[in-house]
Every structure is written in C-alpha cells, then in structure tokens.
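Text of start_11.cif (mmCIF, C-alpha atoms and all ligand atoms) as supplied:
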data_input
#
loop_
_atom_site.group_PDB
_atom_site.id
_atom_site.type_symbol
_atom_site.label_atom_id
_atom_site.label_comp_id
_atom_site.auth_asym_id
_atom_site.auth_seq_id
_atom_site.Cartn_x
_atom_site.Cartn_y
_atom_site.Cartn_z
ATOM 1 C CA MET A 1 50.553 -34.573 -79.467
ATOM 2 C CA LYS A 2 53.908 -32.869 -79.843
ATOM 3 C CA GLY A 3 55.324 -32.391 -76.371
ATOM 4 C CA VAL A 4 55.412 -33.899 -72.895
ATOM 5 C CA LEU A 5 55.813 -31.672 -69.843
ATOM 6 C CA PHE A 6 57.234 -33.600 -66.907
ATOM 7 C CA ASP A 7 57.000 -32.866 -63.241
ATOM 8 C CA LEU A 8 60.241 -34.055 -61.642
ATOM 9 C CA ASP A 9 59.883 -35.001 -57.986
ATOM 10 C CA GLY A 10 57.584 -38.014 -57.830
ATOM 11 C CA ILE A 11 57.680 -38.679 -61.582
ATOM 12 C CA LEU A 12 61.326 -39.078 -62.591
ATOM 13 C CA THR A 13 62.612 -39.881 -59.101
ATOM 14 C CA ASP A 14 61.373 -39.807 -55.544
ATOM 15 C CA THR A 15 62.978 -36.820 -53.872
ATOM 16 C CA ALA A 16 60.081 -36.141 -51.456
ATOM 17 C CA LYS A 17 61.848 -38.200 -48.799
ATOM 18 C CA PHE A 18 64.989 -36.051 -49.108
ATOM 19 C CA HIS A 19 62.971 -32.810 -48.971
ATOM 20 C CA PHE A 20 61.175 -34.094 -45.862
ATOM 21 C CA ALA A 21 64.410 -35.181 -44.149
ATOM 22 C CA ALA A 22 66.002 -31.776 -44.825
ATOM 23 C CA TRP A 23 62.924 -29.848 -43.619
ATOM 24 C CA SER A 24 62.657 -32.082 -40.521
ATOM 25 C CA ARG A 25 66.280 -31.411 -39.608
ATOM 26 C CA LEU A 26 65.886 -27.667 -40.104
ATOM 27 C CA ALA A 27 62.587 -27.549 -38.169
ATOM 28 C CA GLN A 28 64.083 -29.432 -35.253
ATOM 29 C CA GLU A 29 67.398 -27.553 -35.130
ATOM 30 C CA GLU A 30 66.191 -24.029 -35.867
ATOM 31 C CA LEU A 31 62.504 -23.938 -34.923
ATOM 32 C CA GLY A 32 62.340 -26.551 -32.165
ATOM 33 C CA VAL A 33 59.479 -28.520 -33.760
ATOM 34 C CA ILE A 34 59.118 -32.091 -34.930
ATOM 35 C CA LEU A 35 57.321 -32.302 -38.270
ATOM 36 C CA PRO A 36 54.529 -34.892 -38.556
ATOM 37 C CA ALA A 37 54.923 -37.461 -41.374
ATOM 38 C CA GLU A 38 52.016 -35.877 -43.347
ATOM 39 C CA PHE A 39 54.312 -32.995 -44.279
ATOM 40 C CA GLU A 40 56.159 -35.264 -46.730
ATOM 41 C CA SER A 41 53.166 -35.361 -49.078
ATOM 42 C CA GLU A 42 51.775 -31.935 -48.139
ATOM 43 C CA LEU A 43 54.917 -30.187 -49.401
ATOM 44 C CA LYS A 44 54.961 -31.939 -52.795
ATOM 45 C CA GLY A 45 55.081 -29.378 -55.591
ATOM 46 C CA VAL A 46 55.184 -26.490 -53.082
ATOM 47 C CA SER A 47 58.048 -24.017 -53.612
ATOM 48 C CA ARG A 48 60.923 -23.801 -51.139
ATOM 49 C CA VAL A 49 59.864 -20.574 -49.417
ATOM 50 C CA ASP A 50 56.163 -21.528 -49.419
ATOM 51 C CA SER A 51 57.126 -24.848 -47.794
ATOM 52 C CA LEU A 52 58.960 -22.974 -45.043
ATOM 53 C CA VAL A 53 55.988 -20.640 -44.541
ATOM 54 C CA ARG A 54 53.714 -23.685 -44.100
ATOM 55 C CA ILE A 55 56.124 -25.199 -41.576
ATOM 56 C CA MET A 56 56.355 -21.941 -39.614
ATOM 57 C CA ASP A 57 52.590 -21.671 -39.684
ATOM 58 C CA TYR A 58 52.367 -25.177 -38.248
ATOM 59 C CA ALA A 59 54.874 -24.195 -35.535
ATOM 60 C CA GLY A 60 52.876 -21.013 -34.832
ATOM 61 C CA ILE A 61 55.920 -18.765 -35.245
ATOM 62 C CA MET A 62 55.349 -17.109 -38.613
ATOM 63 C CA ASN A 63 55.482 -13.534 -37.369
ATOM 64 C CA ASN A 64 58.768 -13.841 -35.482
ATOM 65 C CA TYR A 65 61.013 -13.920 -38.558
ATOM 66 C CA SER A 66 62.115 -11.217 -41.006
ATOM 67 C CA PRO A 67 62.242 -11.919 -44.778
ATOM 68 C CA ALA A 68 66.062 -12.066 -44.525
ATOM 69 C CA GLU A 69 65.889 -14.667 -41.748
ATOM 70 C CA ILE A 70 63.361 -16.717 -43.727
ATOM 71 C CA LYS A 71 65.708 -16.694 -46.722
ATOM 72 C CA LYS A 72 68.611 -17.806 -44.515
ATOM 73 C CA LEU A 73 66.577 -20.718 -43.146
ATOM 74 C CA ALA A 74 65.432 -21.733 -46.655
ATOM 75 C CA ASN A 75 69.074 -21.691 -47.823
ATOM 76 C CA LYS A 76 70.120 -23.841 -44.891
ATOM 77 C CA LYS A 77 67.428 -26.420 -45.746
ATOM 78 C CA ASN A 78 68.643 -26.367 -49.340
ATOM 79 C CA ASP A 79 72.222 -27.097 -48.213
ATOM 80 C CA TYR A 80 70.990 -30.208 -46.393
ATOM 81 C CA TYR A 81 68.885 -31.207 -49.414
ATOM 82 C CA VAL A 82 71.642 -30.696 -52.000
ATOM 83 C CA LYS A 83 73.983 -32.849 -49.909
ATOM 84 C CA ALA A 84 71.362 -35.623 -49.863
ATOM 85 C CA ILE A 85 70.640 -35.548 -53.607
ATOM 86 C CA SER A 86 74.337 -35.679 -54.463
ATOM 87 C CA SER A 87 74.077 -39.440 -53.891
ATOM 88 C CA LEU A 88 71.354 -39.890 -56.553
ATOM 89 C CA THR A 89 72.277 -42.177 -59.453
ATOM 90 C CA ARG A 90 70.542 -43.928 -62.361
ATOM 91 C CA ALA A 91 69.393 -46.526 -59.831
ATOM 92 C CA ASP A 92 67.074 -43.868 -58.351
ATOM 93 C CA ILE A 93 65.095 -43.331 -61.577
ATOM 94 C CA LEU A 94 61.489 -44.445 -61.011
ATOM 95 C CA PRO A 95 60.347 -47.687 -62.737
ATOM 96 C CA GLY A 96 59.639 -47.499 -66.479
ATOM 97 C CA ILE A 97 60.822 -43.886 -66.894
ATOM 98 C CA THR A 98 63.957 -44.561 -68.953
ATOM 99 C CA GLU A 99 62.028 -46.856 -71.317
ATOM 100 C CA PHE A 100 59.259 -44.229 -71.626
ATOM 101 C CA LEU A 101 61.780 -41.476 -72.446
ATOM 102 C CA ASP A 102 63.448 -43.732 -75.039
ATOM 103 C CA GLU A 103 60.050 -44.312 -76.657
ATOM 104 C CA LEU A 104 59.329 -40.574 -76.765
ATOM 105 C CA THR A 105 62.711 -39.934 -78.388
ATOM 106 C CA GLU A 106 61.953 -42.628 -80.951
ATOM 107 C CA HIS A 107 58.630 -40.931 -81.815
ATOM 108 C CA GLN A 108 60.271 -37.469 -81.882
ATOM 109 C CA VAL A 109 58.124 -36.117 -79.064
ATOM 110 C CA ALA A 110 59.812 -33.131 -77.357
ATOM 111 C CA CYS A 111 60.228 -33.326 -73.578
ATOM 112 C CA ALA A 112 60.517 -30.515 -71.036
ATOM 113 C CA ILE A 113 60.705 -30.257 -67.268
ATOM 114 C CA ALA A 114 58.015 -28.298 -65.419
ATOM 115 C CA SER A 115 59.222 -28.621 -61.834
ATOM 116 C CA ALA A 116 58.964 -26.247 -58.885
ATOM 117 C CA SER A 117 62.503 -27.275 -57.957
ATOM 118 C CA LYS A 118 65.448 -24.973 -58.548
ATOM 119 C CA ASN A 119 67.601 -28.095 -58.207
ATOM 120 C CA ALA A 120 66.074 -29.767 -61.290
ATOM 121 C CA PRO A 121 69.209 -29.432 -63.503
ATOM 122 C CA LEU A 122 71.389 -31.002 -60.790
ATOM 123 C CA ILE A 123 68.920 -33.867 -60.201
ATOM 124 C CA LEU A 124 68.683 -34.628 -63.949
ATOM 125 C CA LYS A 125 72.469 -34.636 -64.193
ATOM 126 C CA ASN A 126 72.856 -37.030 -61.257
ATOM 127 C CA LEU A 127 70.198 -39.342 -62.711
ATOM 128 C CA GLY A 128 71.911 -39.231 -66.132
ATOM 129 C CA LEU A 129 68.681 -37.988 -67.789
ATOM 130 C CA SER A 130 69.656 -34.444 -68.910
ATOM 131 C CA ASP A 131 69.973 -35.356 -72.599
ATOM 132 C CA TYR A 132 66.324 -36.426 -72.887
ATOM 133 C CA PHE A 133 65.042 -32.909 -72.156
ATOM 134 C CA ALA A 134 65.063 -30.094 -74.683
ATOM 135 C CA ALA A 135 64.075 -27.586 -71.997
ATOM 136 C CA ILE A 136 63.898 -27.050 -68.250
ATOM 137 C CA ALA A 137 61.464 -24.285 -67.313
ATOM 138 C CA ASP A 138 63.028 -22.002 -64.686
ATOM 139 C CA PRO A 139 60.791 -21.804 -61.577
ATOM 140 C CA ALA A 140 62.624 -18.635 -60.483
ATOM 141 C CA LYS A 141 61.216 -16.856 -63.544
ATOM 142 C CA VAL A 142 57.525 -17.654 -63.132
ATOM 143 C CA ALA A 143 55.184 -15.437 -61.128
ATOM 144 C CA HIS A 144 53.049 -18.137 -59.508
ATOM 145 C CA GLY A 145 53.788 -21.661 -58.357
ATOM 146 C CA LYS A 146 51.561 -24.726 -58.865
ATOM 147 C CA PRO A 147 48.452 -24.870 -58.854
ATOM 148 C CA ALA A 148 48.867 -21.832 -61.158
ATOM 149 C CA PRO A 149 49.655 -22.930 -64.741
ATOM 150 C CA ASP A 150 52.790 -20.743 -65.082
ATOM 151 C CA ILE A 151 55.511 -23.409 -64.954
ATOM 152 C CA PHE A 152 53.682 -25.631 -67.494
ATOM 153 C CA LEU A 153 53.058 -22.652 -69.783
ATOM 154 C CA ALA A 154 56.756 -21.733 -69.502
ATOM 155 C CA ALA A 155 57.824 -25.325 -70.273
ATOM 156 C CA ALA A 156 55.615 -25.506 -73.398
ATOM 157 C CA ASP A 157 56.810 -22.050 -74.448
ATOM 158 C CA THR A 158 60.475 -23.059 -74.161
ATOM 159 C CA LEU A 159 59.726 -26.009 -76.435
ATOM 160 C CA GLY A 160 57.918 -23.641 -78.818
ATOM 161 C CA ILE A 161 54.801 -25.855 -78.690
ATOM 162 C CA ASP A 162 51.210 -24.837 -77.952
ATOM 163 C CA PRO A 163 50.237 -26.279 -74.507
ATOM 164 C CA LYS A 164 47.117 -27.737 -76.155
ATOM 165 C CA GLU A 165 49.445 -30.023 -78.106
ATOM 166 C CA CYS A 166 51.149 -31.193 -74.921
ATOM 167 C CA VAL A 167 50.548 -33.733 -72.183
ATOM 168 C CA GLY A 168 51.628 -32.906 -68.619
ATOM 169 C CA ILE A 169 52.549 -35.637 -66.139
ATOM 170 C CA GLU A 170 52.194 -35.049 -62.395
ATOM 171 C CA ASP A 171 51.928 -36.857 -59.049
ATOM 172 C CA ALA A 172 50.588 -33.923 -56.989
ATOM 173 C CA VAL A 173 47.047 -32.525 -56.896
ATOM 174 C CA ALA A 174 48.306 -28.939 -57.253
ATOM 175 C CA GLY A 175 50.370 -30.057 -60.249
ATOM 176 C CA VAL A 176 47.398 -31.671 -62.015
ATOM 177 C CA THR A 177 45.387 -28.473 -61.444
ATOM 178 C CA ALA A 178 48.285 -26.495 -62.946
ATOM 179 C CA ILE A 179 48.421 -28.728 -66.046
ATOM 180 C CA LYS A 180 44.667 -28.451 -66.639
ATOM 181 C CA ALA A 181 44.821 -24.669 -66.238
ATOM 182 C CA SER A 182 47.614 -24.503 -68.851
ATOM 183 C CA GLY A 183 45.406 -26.139 -71.484
ATOM 184 C CA ALA A 184 47.516 -29.309 -71.718
ATOM 185 C CA LEU A 185 46.097 -32.773 -71.102
ATOM 186 C CA ALA A 186 46.934 -34.200 -67.689
ATOM 187 C CA ILE A 187 48.162 -37.648 -66.761
ATOM 188 C CA GLY A 188 48.205 -38.233 -63.010
ATOM 189 C CA VAL A 189 50.433 -40.823 -61.383
ATOM 190 C CA GLY A 190 49.030 -42.047 -58.087
ATOM 191 C CA ASP A 191 45.614 -42.352 -56.503
ATOM 192 C CA THR A 192 42.629 -42.119 -58.914
ATOM 193 C CA GLN A 193 40.388 -40.416 -56.367
ATOM 194 C CA GLU A 194 43.007 -37.921 -55.213
ATOM 195 C CA LEU A 195 44.017 -36.981 -58.787
ATOM 196 C CA LYS A 196 40.484 -37.089 -60.235
ATOM 197 C CA GLU A 197 40.990 -33.806 -62.080
ATOM 198 C CA ALA A 198 43.465 -35.528 -64.433
ATOM 199 C CA ASP A 199 42.335 -36.834 -67.852
ATOM 200 C CA ILE A 200 43.808 -40.199 -67.008
ATOM 201 C CA VAL A 201 45.387 -41.624 -63.833
ATOM 202 C CA VAL A 202 47.845 -44.516 -63.648
ATOM 203 C CA PRO A 203 48.963 -46.079 -60.357
ATOM 204 C CA THR A 204 52.728 -45.943 -60.981
ATOM 205 C CA THR A 205 55.296 -44.605 -63.462
ATOM 206 C CA ASN A 206 55.631 -48.139 -64.819
ATOM 207 C CA GLU A 207 52.331 -47.717 -66.696
ATOM 208 C CA LEU A 208 53.534 -44.639 -68.619
ATOM 209 C CA ASP A 209 54.090 -45.332 -72.296
ATOM 210 C CA TYR A 210 53.631 -43.747 -75.714
ATOM 211 C CA LYS A 211 50.423 -45.681 -76.387
ATOM 212 C CA LEU A 212 48.829 -44.265 -73.229
ATOM 213 C CA LEU A 213 49.667 -40.731 -74.379
ATOM 214 C CA THR A 214 48.151 -41.210 -77.816
ATOM 215 C CA GLN A 215 45.057 -42.830 -76.262
ATOM 216 C CA THR A 216 44.629 -39.891 -73.866
ATOM 217 C CA PHE A 217 44.851 -37.553 -76.818
ATOM 218 C CA ALA A 218 42.390 -39.510 -78.915
ATOM 219 C CA GLU A 219 39.667 -39.473 -76.189
HETATM 220 P P1 LIG B 1 63.681 -26.823 -54.396
HETATM 221 P P2 LIG B 1 58.221 -30.817 -58.267
HETATM 222 C C1 LIG B 1 58.973 -29.623 -55.961
HETATM 223 O O1 LIG B 1 59.274 -30.344 -57.114
HETATM 224 C C2 LIG B 1 58.934 -30.537 -54.746
HETATM 225 O O2 LIG B 1 57.874 -31.478 -54.879
HETATM 226 C C3 LIG B 1 58.709 -29.708 -53.497
HETATM 227 O O3 LIG B 1 58.661 -30.530 -52.351
HETATM 228 C C4 LIG B 1 59.859 -28.688 -53.369
HETATM 229 O O4 LIG B 1 59.684 -27.871 -52.223
HETATM 230 C C5 LIG B 1 59.891 -27.830 -54.638
HETATM 231 O O5 LIG B 1 60.045 -28.657 -55.776
HETATM 232 C C6 LIG B 1 61.028 -26.818 -54.606
HETATM 233 O O6 LIG B 1 62.255 -27.505 -54.645
HETATM 234 O O7 LIG B 1 63.765 -26.454 -52.942
HETATM 235 O O8 LIG B 1 64.647 -27.903 -54.811
HETATM 236 O O9 LIG B 1 63.754 -25.606 -55.303
HETATM 237 O O10 LIG B 1 57.345 -31.857 -57.635
HETATM 238 O O11 LIG B 1 57.491 -29.594 -58.747
HETATM 239 O O12 LIG B 1 59.154 -31.390 -59.302
HETATM 240 MG MG MG B 2 55.906 -33.891 -58.061
#

Just give me the structure of the file as structure tokens.
Amino acid sequence: MKGVLFDLDGILTDTAKFHFAAWSRLAQEELGVILPAEFESELKGVSRVDSLVRIMDYAGIMNNYSPAEIKKLANKKNDYYVKAISSLTRADILPGITEFLDELTEHQVACAIASASKNAPLILKNLGLSDYFAAIADPAKVAHGKPAPDIFLAAADTLGIDPKECVGIEDAVAGVTAIKASGALAIGVGDTQELKEADIVVPTTNELDYKLLTQTFAE
C-alpha cells in the first residue's frame, strides 16, 4: 500500500451541515421552497451544479431556468457556503484524523484529496491540514463526478501511484462506488449496511489507523 486517497467532507471535517444550510437559504430565498432534512445526506459527494439540479427537481421547477441562471444560483449558494467555512479551525477536524495523518507521514504513505468540492484547498488551509497532502485532485478537471471513478483516478495519478496500490476513504455510498471502480481498496466510514460495497467499514473516523489499512490490504 503506497497511497491513501481521502474524501474530504465527512472524513476530514463535517461540512455537510454548512452545505445544507447554504442550500436551504438559497432554496428559500430564490426558489420559495423549504428543503427537507434528508437533503443534507442526499447531497453528500454530489457536485455543486448537480446538487442544484436535484433541488430544482424536488421543487418541480427545473425547466424554468437557463444555464446562465443556474450558474448564478450555484455561485450564490457558494458565497453563503464560503462565508460559513471561513470559521473552520483545527477544532473542526474529525476525531482521530490528525493522529492518523501523522501515522501515515511516519510510514511514508502518500496522501491525496479526492473530493468533489472546489473549496477543498480553502477547507484544508482553514483546518491547518494542507501540509499532509501531496496532491489535491481538481474536480473541475474530471469528466464525471462520483460514483464514477474519475476523481480517485486523478488523485492516484497526481501522486504517481497505481490506484491498485491505494486505499480510498469515503463516507458516501457514491464515493465508495467510485473508489471500487478506480481499482483502489475502499474503507467506508459510517453505516456497515449502507456502505456494504466497501472492503471494510468503520463506524467513525476515530477507528482509522495505519494497522487497519495494512490489514485491509492483507485480506
Ligand atoms: P463545492 P466530498 C462534496 O465533497 C460534498 O459532499 C457535496 O455536498 C458538495 O456539493 C460537493 O463536494 C461540491 O462542493 O460546492 O464546495 O464545490 O464529500 O466529495 O468531499
Ligand atoms: Mg464525503
């Protein structure tokens, strides 16, 4: 095992609540709909524009907007979101993550980010984690979002490591599917049943450690 490909939202920090708050505000102000709570998990790993399309679909107004108007709405949501994540600090790193990254550094395992978020560099900076990652795959440069493997393939490629020698870590079903399709081994963080496609599932980020990675590889 030579590399670890990290999802960001839900693995390094919990930004789903900020995404949901920003989408809820936009939906209420601009589309006149209240989003049900389920949208918080339904939009995990889904790209910005695809999230908006799903929300418009829910509101039954998809056909009323031009591509330019959709872009404007997506930008407005991003303004709300960026404002919210500006308050992120080291205290917002999920349990066990810093220790896990220290262990990987110690064992000279390369780390990359495979996130759908175009805000990944800013989030890493605010969390003080940028230096742990040799690469951040650019979601703007990949053809297909998760569950397609593209972002994980791009992350492994930027590290210069074969995906088969990598482990991907994800909290979303679409993300686990993407990891498996890339050829990397998948560790899911969350519900065993929901993430059953993963090679191994742990309940929280606290259980992530180097030993678990080597065990997953040995199986
Ligand atoms: P942005 P991940 C995903 O990140 C989020 O889970 C998803 O809710 C969000 O819409 C997407 O990034 C795009 O984010 O609007 O910041 O570009 O889970 O793939 O790290
Ligand atoms: Mg995620």

Open item on the list: Please report the interatomic distance between atom CA of Ile97 of chain A and atom CA of Ile151 of chain A in Å with one decimal.
Closed with: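 Rounded to one decimal, the two atoms are 21.2 Å apart.
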
Open item on the list: Here is a test: counting all atoms listed in the file, which residue of A:Lys196, A:Lys2, A:Lys71, A:Lys44 is nearest to ligand LIG 1 (chain B)?
Closed with: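 Closest candidate: A:Lys44.
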
Task: the PyMOL selection byres (((chain A and resi 109-111) around 8) and not hetatm) applied to the shown file, residues as a ChimeraX atom specification - done: /A:1-6,104-108,112-113,132-135,159

Task: Gly32 of chain A surroundings by all atoms listed in the file, 12 Å radius, close-in-sequence under 2 positions cut, as an NGL selection string - done: :A and (23-30 or 34-35 or 55-56 or 58-61)

Task: Residues returned when the PyMOL selection byres (((chain A and resi 70) around 12) and not hetatm) runs on this file, as a ChimeraX atom specification - done: /A:26,30-31,48-56,61-69,71-77

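Point (60.7, -34.0, -64.9) has the following residues at most 9 Å away: Leu5, Phe6, Asp7, Leu8, Asp9, Gly10, Ile11, Leu12, Thr13, Cys111, Ala112, Ile113, Ala114, Ser115, Ala120, Leu124, Phe133, Ile136, Ile169 and Glu170 of chain A (atoms considered: all atoms listed in the file).
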
- [ ] Could you give me, as a VMD selection string, the residues within 12 Å of Lys83 of chain A, counting all atoms listed in the file and dropping anything in the same chain fewer than 3 positions from it?
- [x] chain A and resid 18 to 19 21 to 22 76 to 80 86 to 88 119 122 to 123

Open item on the list: For the PyMOL selection byres (((chain A and resi 208) around 12) and not hetatm), applied here, can you spell out every residue it catches as a VMD selection string?
Closed with: chain A and resid 4 6 11 to 12 94 to 104 167 to 170 187 to 190 200 to 207 209 to 216

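When atom CA of Val142 of chain A is paired with atom C4 of ligand LIG 1 (chain B), their separation reads 14.9 Å.
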
- [ ] Counting all atoms listed in the file, find the residues whose atoms lie at most 12 Å from (50.8, -32.2, -46.6) (file coordinates) and write them out as a list of chain:residue names.
- [x] A:Ala16, A:Phe20, A:Leu35, A:Pro36, A:Ala37, A:Glu38, A:Phe39, A:Glu40, A:Ser41, A:Glu42, A:Leu43, A:Lys44, A:Gly45, A:Val46, A:Ser51, A:Arg54, A:Ile55, A:Tyr58, A:Ala172, A:Val173, A:Ala174

Open item on the list: Given all atoms listed in the file as the basis, pick out the residue of A:Asp57, A:Asp150, A:Asp131, A:Glu219 nearest to ligand LIG 1 (chain B).
Closed with: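 Between A:Asp57, A:Asp150, A:Asp131, A:Glu219, the residue approaching ligand LIG 1 (chain B) most closely is A:Asp150.
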
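Proximity to ligand LIG 1 (chain B) was assessed for A:Arg90, A:Lys125, A:Lys17, A:Lys141 counting only C-alpha atoms and all ligand atoms; the smallest distance is recorded for A:Lys17.
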
- [ ] Enter the distance from atom O7 of ligand LIG 1 (chain B) to atom CA of Cys166 of chain A, in Å, rounded to one decimal.
- [x]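 The value is 25.8 Å.
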
Could you give me segment 136-149 of chain A completed to N, CA and C atoms, formatted as a PDB file, in the coordinates of the input?
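Once everything was written out, this is selection.pdb:
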ATOM      1  N   ILE A 136      64.259 -26.986 -69.675  1.00  0.00           N
ATOM      2  CA  ILE A 136      63.898 -27.050 -68.250  1.00  0.00           C
ATOM      3  C   ILE A 136      63.346 -25.675 -67.914  1.00  0.00           C
ATOM      4  N   ALA A 137      62.042 -25.593 -67.647  1.00  0.00           N
ATOM      5  CA  ALA A 137      61.464 -24.285 -67.313  1.00  0.00           C
ATOM      6  C   ALA A 137      62.054 -23.823 -65.973  1.00  0.00           C
ATOM      7  N   ASP A 138      62.383 -22.522 -65.893  1.00  0.00           N
ATOM      8  CA  ASP A 138      63.028 -22.002 -64.686  1.00  0.00           C
ATOM      9  C   ASP A 138      61.973 -21.511 -63.685  1.00  0.00           C
ATOM     10  N   PRO A 139      61.840 -22.205 -62.535  1.00  0.00           N
ATOM     11  CA  PRO A 139      60.791 -21.804 -61.577  1.00  0.00           C
ATOM     12  C   PRO A 139      61.050 -20.423 -60.970  1.00  0.00           C
ATOM     13  N   ALA A 140      62.310 -19.964 -61.036  1.00  0.00           N
ATOM     14  CA  ALA A 140      62.624 -18.635 -60.483  1.00  0.00           C
ATOM     15  C   ALA A 140      62.031 -17.529 -61.357  1.00  0.00           C
ATOM     16  N   LYS A 141      61.692 -17.873 -62.598  1.00  0.00           N
ATOM     17  CA  LYS A 141      61.216 -16.856 -63.544  1.00  0.00           C
ATOM     18  C   LYS A 141      59.704 -16.810 -63.685  1.00  0.00           C
ATOM     19  N   VAL A 142      58.989 -17.688 -62.988  1.00  0.00           N
ATOM     20  CA  VAL A 142      57.525 -17.654 -63.132  1.00  0.00           C
ATOM     21  C   VAL A 142      56.904 -16.960 -61.924  1.00  0.00           C
ATOM     22  N   ALA A 143      55.790 -16.260 -62.183  1.00  0.00           N
ATOM     23  CA  ALA A 143      55.184 -15.437 -61.128  1.00  0.00           C
ATOM     24  C   ALA A 143      54.506 -16.293 -60.061  1.00  0.00           C
ATOM     25  N   HIS A 144      53.818 -17.350 -60.474  1.00  0.00           N
ATOM     26  CA  HIS A 144      53.049 -18.137 -59.508  1.00  0.00           C
ATOM     27  C   HIS A 144      53.389 -19.612 -59.585  1.00  0.00           C
ATOM     28  N   GLY A 145      53.498 -20.230 -58.417  1.00  0.00           N
ATOM     29  CA  GLY A 145      53.788 -21.661 -58.357  1.00  0.00           C
ATOM     30  C   GLY A 145      52.539 -22.486 -58.626  1.00  0.00           C
ATOM     31  N   LYS A 146      52.700 -23.824 -58.715  1.00  0.00           N
ATOM     32  CA  LYS A 146      51.561 -24.726 -58.865  1.00  0.00           C
ATOM     33  C   LYS A 146      50.625 -24.489 -57.659  1.00  0.00           C
ATOM     34  N   PRO A 147      49.321 -24.439 -57.767  1.00  0.00           N
ATOM     35  CA  PRO A 147      48.452 -24.870 -58.854  1.00  0.00           C
ATOM     36  C   PRO A 147      48.264 -23.878 -60.003  1.00  0.00           C
ATOM     37  N   ALA A 148      48.947 -22.731 -59.995  1.00  0.00           N
ATOM     38  CA  ALA A 148      48.867 -21.832 -61.158  1.00  0.00           C
ATOM     39  C   ALA A 148      49.548 -22.522 -62.347  1.00  0.00           C
ATOM     40  N   PRO A 149      49.127 -22.211 -63.564  1.00  0.00           N
ATOM     41  CA  PRO A 149      49.655 -22.930 -64.741  1.00  0.00           C
ATOM     42  C   PRO A 149      51.056 -22.489 -65.179  1.00  0.00           C
TER      43      PRO A 149
END
